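Reproduced below: input.csv, with CSV, C-alpha atoms.
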```csv
chain,number,residue,atom,x,y,z
J,147,MET,CA,188.2,-23.8,47.6
J,148,ALA,CA,184.5,-23.4,48.3
J,149,THR,CA,182.5,-21.1,46.0
J,150,PRO,CA,182.7,-17.6,47.5
J,151,LEU,CA,179.6,-15.8,48.6
J,152,ARG,CA,178.7,-12.7,46.6
J,153,ILE,CA,178.1,-9.9,49.1
J,154,ILE,CA,176.9,-6.4,48.4
J,155,ILE,CA,178.1,-3.8,50.9
J,156,ALA,CA,175.9,-0.8,50.6
J,157,LYS,CA,175.6,2.7,52.0
J,158,PRO,CA,171.9,3.7,51.8
J,159,GLY,CA,170.7,7.3,52.1
J,160,LEU,CA,172.4,10.6,52.8
J,161,ASP,CA,175.4,9.4,54.8
J,162,GLY,CA,179.0,10.2,53.9
J,163,HIS,CA,180.7,7.9,56.4
J,164,ASP,CA,182.1,4.8,54.8
J,165,ARG,CA,185.2,3.9,56.7
J,166,GLY,CA,183.4,1.2,58.5
J,167,ALA,CA,181.8,-0.2,55.3
J,168,LYS,CA,185.2,-0.3,53.6
J,169,VAL,CA,186.8,-2.1,56.6
J,170,VAL,CA,184.0,-4.7,56.5
J,171,ALA,CA,184.4,-5.1,52.8
J,172,ARG,CA,188.1,-5.7,53.1
J,173,ALA,CA,187.6,-8.2,56.0
J,174,LEU,CA,185.1,-10.2,54.0
J,175,ARG,CA,187.4,-10.2,51.0
J,176,ASP,CA,190.2,-11.6,53.2
J,177,ALA,CA,187.7,-14.3,54.4
J,178,GLY,CA,187.4,-15.4,50.8
J,179,HIS,CA,184.2,-13.8,49.7
J,180,GLU,CA,183.5,-11.6,46.6
J,181,VAL,CA,182.4,-8.2,47.8
J,182,ILE,CA,180.8,-5.5,45.7
J,183,TYR,CA,180.9,-2.1,47.3
J,184,THR,CA,178.2,0.3,46.0
J,185,GLY,CA,179.7,3.6,46.9
J,186,LEU,CA,178.0,6.3,48.9
J,187,ARG,CA,174.4,7.6,48.9
J,188,ARG,CA,172.5,4.8,47.1
J,189,THR,CA,168.7,4.6,47.3
J,190,PRO,CA,167.0,1.4,48.5
J,191,GLU,CA,165.8,0.9,44.9
J,192,GLN,CA,169.3,1.0,43.6
J,193,ILE,CA,170.6,-1.3,46.3
J,194,VAL,CA,168.0,-4.0,45.4
J,195,ARG,CA,168.7,-3.5,41.7
J,196,ILE,CA,172.4,-4.1,42.4
J,197,ALA,CA,171.7,-7.2,44.5
J,198,MET,CA,169.7,-8.6,41.6
J,199,ASP,CA,172.1,-7.8,38.8
J,200,GLU,CA,175.1,-9.1,40.8
J,201,ASP,CA,173.2,-12.3,41.8
J,202,ALA,CA,174.3,-11.7,45.4
J,203,GLN,CA,173.3,-13.9,48.3
J,204,VAL,CA,173.9,-11.3,51.0
J,205,VAL,CA,173.4,-7.6,51.4
J,206,GLY,CA,175.2,-5.7,54.2
J,207,LEU,CA,173.8,-2.2,55.0
J,208,SER,CA,175.9,0.4,56.8
J,209,SER,CA,174.5,3.5,58.3
J,210,LEU,CA,175.6,6.2,60.7
J,211,SER,CA,173.1,8.9,59.9
J,212,GLY,CA,170.2,7.7,62.0
J,213,ALA,CA,167.9,6.9,59.1
J,214,HIS,CA,168.3,3.1,59.5
J,215,GLY,CA,164.7,2.9,60.9
J,216,PHE,CA,163.4,3.8,57.5
J,217,LEU,CA,166.1,2.6,55.1
J,218,PHE,CA,166.8,-0.9,56.3
J,219,PRO,CA,163.2,-2.1,56.4
J,220,ARG,CA,162.6,-0.4,53.0
J,221,VAL,CA,165.5,-2.5,51.5
J,222,CYS,CA,164.0,-5.7,53.0
J,223,GLU,CA,160.6,-4.8,51.6
J,224,LEU,CA,161.8,-4.1,48.1
J,225,LEU,CA,163.9,-7.3,48.1
J,226,ARG,CA,160.7,-9.3,48.8
J,227,GLU,CA,158.8,-7.4,46.2
J,228,SER,CA,161.5,-8.2,43.6
J,229,GLY,CA,161.4,-11.9,44.4
J,230,LEU,CA,164.8,-11.7,46.2
J,231,GLU,CA,163.4,-12.9,49.6
J,232,ASP,CA,166.2,-15.4,49.9
J,233,VAL,CA,168.8,-12.7,50.0
J,234,VAL,CA,170.2,-12.3,53.6
J,235,VAL,CA,170.4,-8.8,54.9
J,236,PHE,CA,172.6,-7.7,57.8
J,237,GLY,CA,173.3,-4.2,59.1
J,238,GLY,CA,176.0,-2.3,60.8
J,239,GLY,CA,177.0,1.2,62.0
J,240,ILE,CA,175.5,3.3,64.8
J,241,ILE,CA,172.2,1.4,65.5
J,242,PRO,CA,170.9,2.0,69.0
J,243,GLU,CA,170.0,-1.1,70.9
J,244,ARG,CA,166.3,0.0,71.3
J,245,ASP,CA,166.0,0.2,67.5
J,246,ARG,CA,167.2,-3.3,66.8
J,247,PRO,CA,164.1,-5.4,67.5
J,248,ALA,CA,162.1,-3.5,64.8
J,249,LEU,CA,164.8,-4.0,62.3
J,250,ILE,CA,165.0,-7.7,63.0
J,251,GLU,CA,161.2,-7.9,62.7
J,252,ALA,CA,161.5,-6.2,59.3
J,253,GLY,CA,163.8,-8.9,58.0
J,254,VAL,CA,167.3,-7.8,58.9
J,255,SER,CA,169.1,-11.0,60.0
J,256,ALA,CA,171.8,-9.5,62.2
J,257,ILE,CA,173.1,-6.1,63.4
J,258,PHE,CA,176.7,-5.5,64.1
J,259,GLY,CA,177.6,-2.4,66.1
J,260,PRO,CA,180.9,-0.7,67.1
J,261,GLY,CA,183.3,-3.2,68.7
J,262,THR,CA,182.2,-6.1,66.5
J,263,THR,CA,185.2,-8.2,65.5
J,264,SER,CA,185.5,-9.3,61.9
J,265,ILE,CA,185.5,-12.9,63.1
J,266,GLU,CA,182.0,-12.5,64.5
J,267,MET,CA,180.8,-11.3,61.2
J,268,ILE,CA,182.5,-14.1,59.2
J,269,GLU,CA,181.1,-16.7,61.6
J,270,PHE,CA,177.7,-15.3,60.9
J,271,LEU,CA,178.2,-15.6,57.2
J,272,ASP,CA,179.7,-19.1,57.4
J,273,GLY,CA,176.6,-20.2,59.3
J,274,LEU,CA,174.2,-19.1,56.5
J,275,GLU,CA,172.5,-21.6,54.4
J,276,VAL,CA,172.5,-20.0,51.0
D,884,MET,CA,164.2,-14.4,30.3
D,885,ASN,CA,163.6,-11.6,32.9
D,886,ARG,CA,166.3,-9.6,34.6
D,887,ARG,CA,166.5,-11.9,37.6
D,888,GLU,CA,166.7,-15.0,35.5
D,889,LEU,CA,169.5,-13.4,33.3
D,890,ALA,CA,171.5,-12.5,36.4
D,891,ARG,CA,171.1,-16.0,37.7
D,892,ALA,CA,172.1,-17.6,34.4
D,893,LEU,CA,175.3,-15.5,34.2
D,894,SER,CA,176.4,-17.1,37.5
D,895,SER,CA,176.6,-20.5,36.0
D,896,ALA,CA,178.1,-20.2,32.5
D,897,GLU,CA,178.2,-24.0,32.3
D,898,SER,CA,174.5,-24.0,31.9
D,899,ILE,CA,174.3,-21.4,29.2
D,900,THR,CA,172.9,-22.8,25.9
D,901,ALA,CA,173.0,-19.6,23.9
D,902,PRO,CA,174.4,-20.1,20.4
D,903,PRO,CA,177.7,-18.4,19.5
D,904,ARG,CA,177.0,-14.8,18.6
D,905,PRO,CA,177.5,-13.4,15.1
D,906,ASN,CA,180.6,-11.4,14.3
D,907,GLU,CA,178.9,-8.5,12.7
D,908,PRO,CA,177.5,-6.0,13.5
D,909,TRP,CA,180.1,-5.8,16.2
D,910,ARG,CA,178.8,-5.5,19.8
D,911,VAL,CA,181.6,-6.2,22.2
D,912,LEU,CA,184.0,-3.4,23.2
D,913,GLY,CA,186.9,-4.5,25.3
D,914,VAL,CA,188.4,-1.7,27.5
D,915,THR,CA,191.9,-2.3,28.8
D,916,GLY,CA,194.8,-0.4,30.3
D,917,SER,CA,197.0,-0.1,33.3
D,918,PRO,CA,195.5,0.4,36.8
D,919,GLY,CA,194.4,4.0,37.6
D,920,VAL,CA,194.3,5.3,34.0
D,921,GLY,CA,190.6,5.9,34.3
D,922,LYS,CA,189.0,3.0,32.5
D,923,SER,CA,185.9,2.9,34.7
D,924,CYS,CA,185.2,6.7,34.3
D,925,LEU,CA,185.6,6.4,30.5
D,926,VAL,CA,183.3,3.4,30.4
D,927,ASP,CA,180.7,5.4,32.4
D,928,ARG,CA,180.9,8.1,29.7
D,929,ILE,CA,180.5,5.6,26.9
D,930,VAL,CA,177.6,3.9,28.6
D,931,SER,CA,175.7,7.2,28.9
D,932,HIS,CA,176.4,7.9,25.2
D,933,TRP,CA,175.1,4.6,24.0
D,934,LEU,CA,172.0,4.8,26.4
D,935,SER,CA,171.2,8.2,24.9
D,936,ARG,CA,171.1,6.6,21.5
D,937,GLY,CA,168.7,3.9,22.6
D,938,GLU,CA,171.1,1.0,22.8
D,939,ARG,CA,170.7,-1.6,25.5
D,940,VAL,CA,174.1,-1.7,27.3
D,941,ALA,CA,175.6,-4.5,29.4
D,942,ILE,CA,178.9,-4.1,31.2
D,943,LEU,CA,181.0,-6.9,32.5
D,944,ALA,CA,183.7,-5.5,34.8
D,945,VAL,CA,186.5,-7.7,35.8
D,946,ASP,CA,188.6,-7.2,39.0
D,947,PRO,CA,191.3,-9.5,40.5
D,948,SER,CA,190.7,-12.2,43.1
D,949,SER,CA,193.1,-12.4,46.0
D,950,PRO,CA,195.7,-15.1,45.3
D,951,ILE,CA,195.8,-15.8,49.1
D,952,SER,CA,192.1,-15.8,50.3
D,953,GLY,CA,190.4,-16.3,46.9
D,954,GLY,CA,188.1,-13.4,47.8
D,955,ALA,CA,187.7,-10.2,45.8
D,956,LEU,CA,186.7,-6.5,46.3
D,957,LEU,CA,184.8,-5.5,43.2
D,958,GLY,CA,184.9,-1.7,43.1
D,959,ASP,CA,184.3,-0.7,39.5
D,960,ARG,CA,180.6,-0.3,40.0
D,961,MET,CA,180.9,2.5,42.5
D,962,ARG,CA,182.7,4.7,39.9
D,963,MET,CA,179.9,4.5,37.4
D,964,ALA,CA,176.9,6.7,38.1
D,965,SER,CA,175.1,5.7,35.0
D,966,VAL,CA,174.6,2.0,35.7
D,967,ASP,CA,172.3,1.7,38.7
D,968,ALA,CA,169.1,2.9,37.0
D,969,GLY,CA,167.0,2.2,34.0
D,970,ASP,CA,166.0,-1.1,32.3
D,971,ASP,CA,168.4,-0.6,29.4
D,972,VAL,CA,171.6,-1.0,31.4
D,973,PHE,CA,173.0,-4.1,33.1
D,974,PHE,CA,176.2,-4.2,35.2
D,975,ARG,CA,177.9,-7.2,36.5
D,976,SER,CA,181.1,-7.4,38.5
D,977,ILE,CA,183.3,-10.4,37.9
D,978,ALA,CA,186.2,-11.7,39.9
D,979,THR,CA,189.1,-13.4,38.0
D,980,ARG,CA,189.1,-16.3,40.4
D,981,ASN,CA,192.8,-16.4,39.6
D,982,VAL,CA,192.5,-17.5,36.0
D,983,PRO,CA,195.8,-16.9,34.2
D,984,GLY,CA,195.5,-14.1,31.7
D,985,GLY,CA,193.2,-12.1,34.0
D,986,LEU,CA,189.9,-13.0,32.2
D,987,PRO,CA,187.6,-15.7,33.4
D,988,SER,CA,187.2,-18.4,30.8
D,989,ARG,CA,183.4,-18.2,31.1
D,990,LEU,CA,183.3,-14.7,29.7
D,991,ASN,CA,182.7,-15.7,26.1
D,992,ARG,CA,179.6,-17.7,27.0
D,993,MET,CA,178.3,-14.8,29.2
D,994,VAL,CA,178.6,-12.5,26.2
D,995,ASP,CA,176.8,-15.0,23.9
D,996,LEU,CA,173.9,-15.1,26.4
D,997,LEU,CA,173.7,-11.3,26.7
D,998,VAL,CA,173.6,-11.0,22.9
D,999,GLN,CA,170.9,-13.6,22.7
D,1000,GLU,CA,168.9,-11.7,25.3
D,1001,GLY,CA,168.9,-8.6,23.2
D,1002,TRP,CA,171.7,-6.5,24.7
D,1003,THR,CA,173.0,-4.5,21.7
D,1004,ARG,CA,176.3,-3.2,23.3
D,1005,ILE,CA,178.5,-5.1,25.6
D,1006,ILE,CA,181.5,-3.5,27.3
D,1007,ILE,CA,184.1,-5.7,29.0
D,1008,GLU,CA,186.4,-3.8,31.3
D,1009,THR,CA,189.5,-5.8,32.1
D,1010,VAL,CA,191.6,-5.9,35.3
D,1011,GLY,CA,194.1,-3.1,35.2
D,1012,SER,CA,196.5,-4.9,33.1
D,1013,GLY,CA,200.0,-4.9,31.7
D,1014,GLN,CA,201.3,-5.0,28.1
D,1015,SER,CA,201.3,-8.8,27.7
D,1016,GLU,CA,197.7,-9.4,28.8
D,1017,ILE,CA,196.0,-9.7,25.4
D,1018,ARG,CA,193.4,-12.4,26.2
D,1019,ILE,CA,190.7,-9.8,25.9
D,1020,VAL,CA,190.9,-10.1,22.1
D,1021,ALA,CA,189.5,-13.6,22.4
D,1022,VAL,CA,186.2,-12.0,23.5
D,1023,ALA,CA,186.1,-8.4,22.3
D,1024,ASP,CA,185.1,-7.4,18.8
D,1025,ARG,CA,186.9,-4.1,19.2
D,1026,LEU,CA,189.6,-3.1,21.6
D,1027,LEU,CA,190.0,0.3,23.3
D,1028,LEU,CA,193.3,0.9,25.1
D,1029,VAL,CA,193.4,3.6,27.8
D,1030,GLU,CA,196.6,5.3,28.7
D,1031,GLY,CA,197.3,8.1,31.2
D,1032,PRO,CA,199.7,11.0,31.3
D,1033,ALA,CA,202.1,9.5,33.8
D,1034,ARG,CA,203.9,7.0,31.7
D,1035,GLY,CA,207.5,5.7,31.6
D,1036,ASP,CA,210.0,6.9,29.0
D,1037,VAL,CA,209.5,6.8,25.3
D,1038,ILE,CA,210.7,3.2,25.0
D,1039,GLN,CA,207.6,2.0,26.9
D,1040,ALA,CA,205.6,2.8,23.8
D,1041,GLU,CA,207.9,0.8,21.7
D,1042,LYS,CA,207.5,-2.4,23.5
D,1043,ALA,CA,205.4,-5.1,21.9
D,1044,GLY,CA,202.0,-6.1,23.3
D,1045,VAL,CA,198.5,-4.9,23.6
D,1046,LEU,CA,199.2,-1.6,21.9
D,1047,GLU,CA,199.7,-3.5,18.6
D,1048,LEU,CA,196.2,-4.9,18.9
D,1049,ALA,CA,194.2,-1.9,20.0
D,1050,ASP,CA,191.6,-0.5,17.6
D,1051,LEU,CA,191.7,2.9,19.4
D,1052,VAL,CA,194.0,4.4,21.9
D,1053,VAL,CA,192.7,7.0,24.3
D,1054,VAL,CA,195.1,9.1,26.4
D,1055,ASN,CA,192.8,10.0,29.3
D,1056,LYS,CA,193.3,12.8,31.9
D,1057,SER,CA,194.2,15.2,29.1
D,1058,ASP,CA,193.5,18.0,31.7
D,1059,LEU,CA,196.8,16.9,33.4
D,1060,GLU,CA,200.3,17.8,32.4
D,1061,GLY,CA,202.1,15.3,30.2
D,1062,ALA,CA,199.1,13.9,28.3
D,1063,ASP,CA,200.1,15.5,25.0
D,1064,ARG,CA,203.6,14.1,25.2
D,1065,VAL,CA,202.3,10.6,25.9
D,1066,ALA,CA,199.9,10.8,22.9
D,1067,ASP,CA,202.8,12.0,20.6
D,1068,GLU,CA,205.0,9.1,21.7
D,1069,ILE,CA,202.3,6.5,21.1
D,1070,ARG,CA,201.5,8.0,17.7
D,1071,LEU,CA,205.2,7.9,16.8
D,1072,SER,CA,205.5,4.3,17.8
D,1073,LEU,CA,202.3,3.3,15.9
D,1074,ASN,CA,203.5,5.1,12.8
D,1075,LEU,CA,206.5,2.9,12.5
D,1076,SER,CA,204.3,-0.2,12.2
D,1077,GLU,CA,202.9,-1.5,8.9
D,1078,GLY,CA,199.4,-0.4,7.7
D,1079,ALA,CA,197.2,2.5,8.8
D,1080,PRO,CA,197.8,3.2,12.5
D,1081,ALA,CA,195.1,3.1,15.2
D,1082,PRO,CA,193.7,6.5,16.1
D,1083,VAL,CA,195.2,8.1,19.2
D,1084,LEU,CA,192.9,10.5,21.0
D,1085,LEU,CA,193.3,12.8,24.0
D,1086,CYS,CA,190.3,13.2,26.3
D,1087,SER,CA,189.3,13.7,29.9
D,1088,ALA,CA,186.6,11.6,31.4
D,1089,GLU,CA,186.6,14.0,34.3
D,1090,THR,CA,185.9,17.3,32.4
D,1091,GLY,CA,184.3,15.8,29.3
D,1092,ASP,CA,186.9,17.3,26.9
D,1093,GLY,CA,187.3,15.2,23.8
D,1094,VAL,CA,184.7,12.6,24.7
D,1095,ASP,CA,182.3,13.5,21.9
D,1096,ASN,CA,185.2,12.9,19.4
D,1097,MET,CA,185.9,9.6,21.1
D,1098,PHE,CA,182.2,8.5,20.7
D,1099,ALA,CA,182.2,9.4,17.0
D,1100,ILE,CA,185.3,7.3,16.4
D,1101,ILE,CA,184.1,4.3,18.5
D,1102,ASP,CA,180.8,4.3,16.6
D,1103,ASN,CA,182.6,4.2,13.3
D,1104,LEU,CA,185.4,1.8,14.0
D,1105,PRO,CA,186.3,-0.3,10.9
D,1106,SER,CA,187.0,-4.0,11.2
D,1107,ALA,CA,189.2,-5.1,14.0
D,1108,ARG,CA,192.8,-4.2,13.5
D,1109,GLY,CA,194.3,-7.1,15.4
D,1110,PRO,CA,195.5,-9.7,13.0
D,1111,ALA,CA,193.0,-12.5,12.7
D,1112,THR,CA,195.6,-15.0,13.7
D,1113,ALA,CA,196.3,-13.2,17.0
D,1114,ARG,CA,192.6,-13.2,17.8
D,1115,ALA,CA,192.1,-16.8,16.8
D,1116,ARG,CA,195.1,-17.7,18.9
D,1117,GLU,CA,193.8,-16.1,22.0
D,1118,ARG,CA,190.4,-17.7,21.5
D,1119,LEU,CA,191.9,-21.1,21.0
D,1120,LEU,CA,194.0,-20.7,24.1
D,1121,ALA,CA,191.1,-19.4,26.2
D,1122,THR,CA,188.9,-22.4,25.1
D,1123,HIS,CA,191.7,-24.9,25.7
D,1124,GLN,CA,192.3,-23.4,29.2
D,1125,GLU,CA,188.6,-23.5,30.0
D,1126,ASN,CA,188.4,-27.2,29.0
D,1127,LEU,CA,191.5,-27.9,31.1
D,1128,LEU,CA,190.0,-26.1,34.2
D,1129,SER,CA,186.7,-27.9,33.9
D,1130,HIS,CA,188.4,-31.4,33.4
D,1131,PRO,CA,187.0,-33.8,36.1
D,1132,LYS,CA,190.6,-34.7,37.1
D,1133,PHE,CA,191.9,-31.2,37.3
D,1134,ALA,CA,191.7,-30.9,41.1
D,1135,ASP,CA,193.4,-34.3,41.5
D,1136,ALA,CA,196.2,-33.4,39.1
D,1137,LEU,CA,196.7,-30.1,41.0
D,1138,LYS,CA,196.8,-31.8,44.3
D,1139,GLY,CA,199.2,-34.5,43.1
D,1140,LEU,CA,201.5,-31.9,41.6
D,1141,SER,CA,201.5,-29.6,44.7
D,1142,GLU,CA,202.2,-32.6,47.0
D,1143,GLY,CA,205.1,-33.7,44.8
D,1144,ARG,CA,203.5,-37.1,43.9
D,1145,LEU,CA,203.2,-36.3,40.2
D,1146,SER,CA,205.6,-34.8,37.7
D,1147,ILE,CA,204.3,-32.1,35.5
D,1148,GLU,CA,204.2,-34.6,32.6
D,1149,GLU,CA,202.2,-37.1,34.6
D,1150,ALA,CA,199.8,-34.3,35.7
D,1151,LEU,CA,199.3,-33.3,32.1
D,1152,SER,CA,198.7,-36.8,30.9
D,1153,MET,CA,195.9,-37.1,33.4
D,1154,LEU,CA,194.2,-34.2,31.8
D,1155,GLN,CA,194.2,-35.5,28.2
```
Could you render the structure from this file as structure tokens?
Amino acid sequence: MATPLRIIIAKPGLDGHDRGAKVVARALRDAGHEVIYTGLRRTPEQIVRIAMDEDAQVVGLSSLSGAHGFLFPRVCELLRESGLEDVVVFGGGIIPERDRPALIEAGVSAIFGPGTTSIEMIEFLDGLEV
Amino acid sequence: MNRRELARALSSAESITAPPRPNEPWRVLGVTGSPGVGKSCLVDRIVSHWLSRGERVAILAVDPSSPISGGALLGDRMRMASVDAGDDVFFRSIATRNVPGGLPSRLNRMVDLLVQEGWTRIIIETVGSGQSEIRIVAVADRLLLVEGPARGDVIQAEKAGVLELADLVVVNKSDLEGADRVADEIRLSLNLSEGAPAPVLLCSAETGDGVDNMFAIIDNLPSARGPATARARERLLATHQENLLSHPKFADALKGLSEGRLSIEEALSMLQ
């Protein structure tokens, strides 16, 4: 069996909705990856710290609160500042189409909205060179 | 070694060159017990206590890998509010990767590295485990067994196993009904054994009742209670298993065995 990816699933900011994050965490586990779920209401600083300590290759950010425009780029920026620029970031939740180009520009590799199948997400991860 | 380098090094225990750590002063606390008894919440309390005393605390939290997909959902971290901030605490989630005994064989070397890098207290939280899973004593200097109020009948406490090796037994969730009775049953069972029995405490990680008493006892634990032979036995088995798993022909032997081409004796002889 191939070495599993270590993936952080994180809930940044003041947002209490984690059903989606938990479903994603479970799907990635079932695809053979090692998933660390952070729990609710983590700061970008905490998330980057967790990615570092856990030696993760991937960070998945989930947001439904509308603050993705600040929080996602902030996580990407702090990852770069911490020397973790090789960590792949993807996002999910309620992210309007018009907000996505700016997030991609900031360093988010992919955004998965409602209706995404777990297969799409797993194919994305399988295609990563990490 | 900076934090990032340490985190990286822990991922490939094969490359760790740290010397074996000294036995005293003791540094490694193993925390074990059945699923759901509150190990993570108690560990959170102990971490906060040690941090307040100026210790540098590293936590290695082990969760099971799926025997089907090989993946794992590592959730201990979310229960510990104390671990995501500050330079003096380091938390690492570890999947068992389906090693028998529930503890990854590389754990010993990870601990050696953490000690070399100046971490003064190391907590290993096991997979929620049963009575017969005692591999933890191969790594831990002291063993804390956590119990909860919902337990089977009295004979559960009489069964052999990890209870005999614990240096301290904590009945958590003392705010719930039945905790007193469980503590009494465990005390009765331990009193029938030879030698001074391990202390049995009641406390509640939720409310904080009894935790100060627990800290005082942990900080003054005498030498490990488990017989030296039991500890040496687990260490020997763990090392042997590690050698077996890292044998260059292990995958071939496994394949031959699962395809029916090899007998178990032939597979074993390949691995000598």
Find the residues near Leu210 in chain J: any atom within 12 Å, counting all atoms listed in the file, skip ones fewer than 3 places away on the same chain, and give them as a short mmCIF file (atom, residue, chain, number, x, y, z; two decimals) with C-alpha atoms, in the coordinates of the input.
```cif
data_model
loop_
_atom_site.label_atom_id
_atom_site.label_comp_id
_atom_site.auth_asym_id
_atom_site.auth_seq_id
_atom_site.Cartn_x
_atom_site.Cartn_y
_atom_site.Cartn_z
CA LYS J 157 175.60 2.70 52.00
CA PRO J 158 171.90 3.70 51.80
CA GLY J 159 170.70 7.30 52.10
CA LEU J 160 172.40 10.60 52.80
CA ASP J 161 175.40 9.40 54.80
CA GLY J 162 179.00 10.20 53.90
CA HIS J 163 180.70 7.90 56.40
CA ASP J 164 182.10 4.80 54.80
CA ARG J 165 185.20 3.90 56.70
CA GLY J 166 183.40 1.20 58.50
CA ALA J 167 181.80 -0.20 55.30
CA ARG J 187 174.40 7.60 48.90
CA LEU J 207 173.80 -2.20 55.00
CA ALA J 213 167.90 6.90 59.10
CA HIS J 214 168.30 3.10 59.50
CA GLY J 215 164.70 2.90 60.90
CA LEU J 217 166.10 2.60 55.10
CA GLY J 237 173.30 -4.20 59.10
CA GLY J 238 176.00 -2.30 60.80
CA GLY J 239 177.00 1.20 62.00
CA ILE J 240 175.50 3.30 64.80
CA ILE J 241 172.20 1.40 65.50
CA PRO J 242 170.90 2.00 69.00
CA GLY J 259 177.60 -2.40 66.10
CA PRO J 260 180.90 -0.70 67.10
#
```
Could you jot down the CA of Glu243 in chain J to CA of Arg226 in chain J separation for me, Å, one decimal place? 25.3 Å
Per residue of chain J within 6 Å of chain D, what are the shortest atom pair and its distance in Å to one decimal, counting only C-alpha atoms, with rows by chain and residue number, as a tab-separated table?
```
residue	atom	partner	partner_atom	distance
J:Arg175	CA	D:Gly954	CA	4.6
J:Asp176	CA	D:Ser952	CA	5.4
J:Gly178	CA	D:Gly954	CA	3.7
J:His179	CA	D:Gly954	CA	4.4
J:Glu180	CA	D:Ala955	CA	4.5
J:Val181	CA	D:Leu956	CA	4.9
J:Ile182	CA	D:Leu957	CA	4.7
J:Tyr183	CA	D:Gly958	CA	5.8
J:Thr184	CA	D:Met961	CA	4.9
J:Gly185	CA	D:Met961	CA	4.7
J:Gln192	CA	D:Asp967	CA	5.8
J:Asp199	CA	D:Ala890	CA	5.3
J:Glu200	CA	D:Arg975	CA	5.5
J:Asp201	CA	D:Ala890	CA	5.7
```
Could you jot down the CA of Asp971 in chain D to CA of Arg939 in chain D separation for me, Å, one decimal place?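 Rounded to one decimal, the two atoms are 4.6 Å apart.
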What does the distance between CA of Val204 in chain J and CA of Pro947 in chain D come to in Å, to one decimal place?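 Straight-line distance from CA of Val204 in chain J to CA of Pro947 in chain D works out to 20.4 Å.
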Counting only C-alpha atoms, which residue out of J:Glu251, J:Leu224, J:Val276, J:Ala171 sits closest to Val194 in chain J?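 Counting only C-alpha atoms, the residue closest to Val194 in chain J is J:Leu224.
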Under the rule that only C-alpha atoms are counted, which of D:Val972, D:Ile1019, D:Glu907, D:Arg928 is the nearest residue to Ile196 in chain J?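 Once distances to Ile196 in chain J are computed over only C-alpha atoms, the minimum belongs to D:Val972.
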Near-Val1065 in chain D list (8 Å; only C-alpha atoms; drop same-chain fewer than 6 positions) as number ranges by chain: D: 1031-1034, 1054
In the coordinate frame of the file, compute which residues have an atom within 12 Å of (179.4, 6.8, 28.7) when using only C-alpha atoms, and state them as JSON, numbers by chain. {"D": [922, 923, 924, 925, 926, 927, 928, 929, 930, 931, 932, 933, 934, 935, 936, 938, 940, 941, 942, 962, 963, 964, 965, 966, 972, 1004, 1006, 1088, 1089, 1091, 1094, 1095, 1097, 1098, 1101]}
Residues near Ala202 in chain J, anyone? I mean within 7 Å using all atoms listed in the file, not counting same-chain ones fewer than 6 positions away, as a list in words. Arg152, Ile153 and Ile154 of chain J
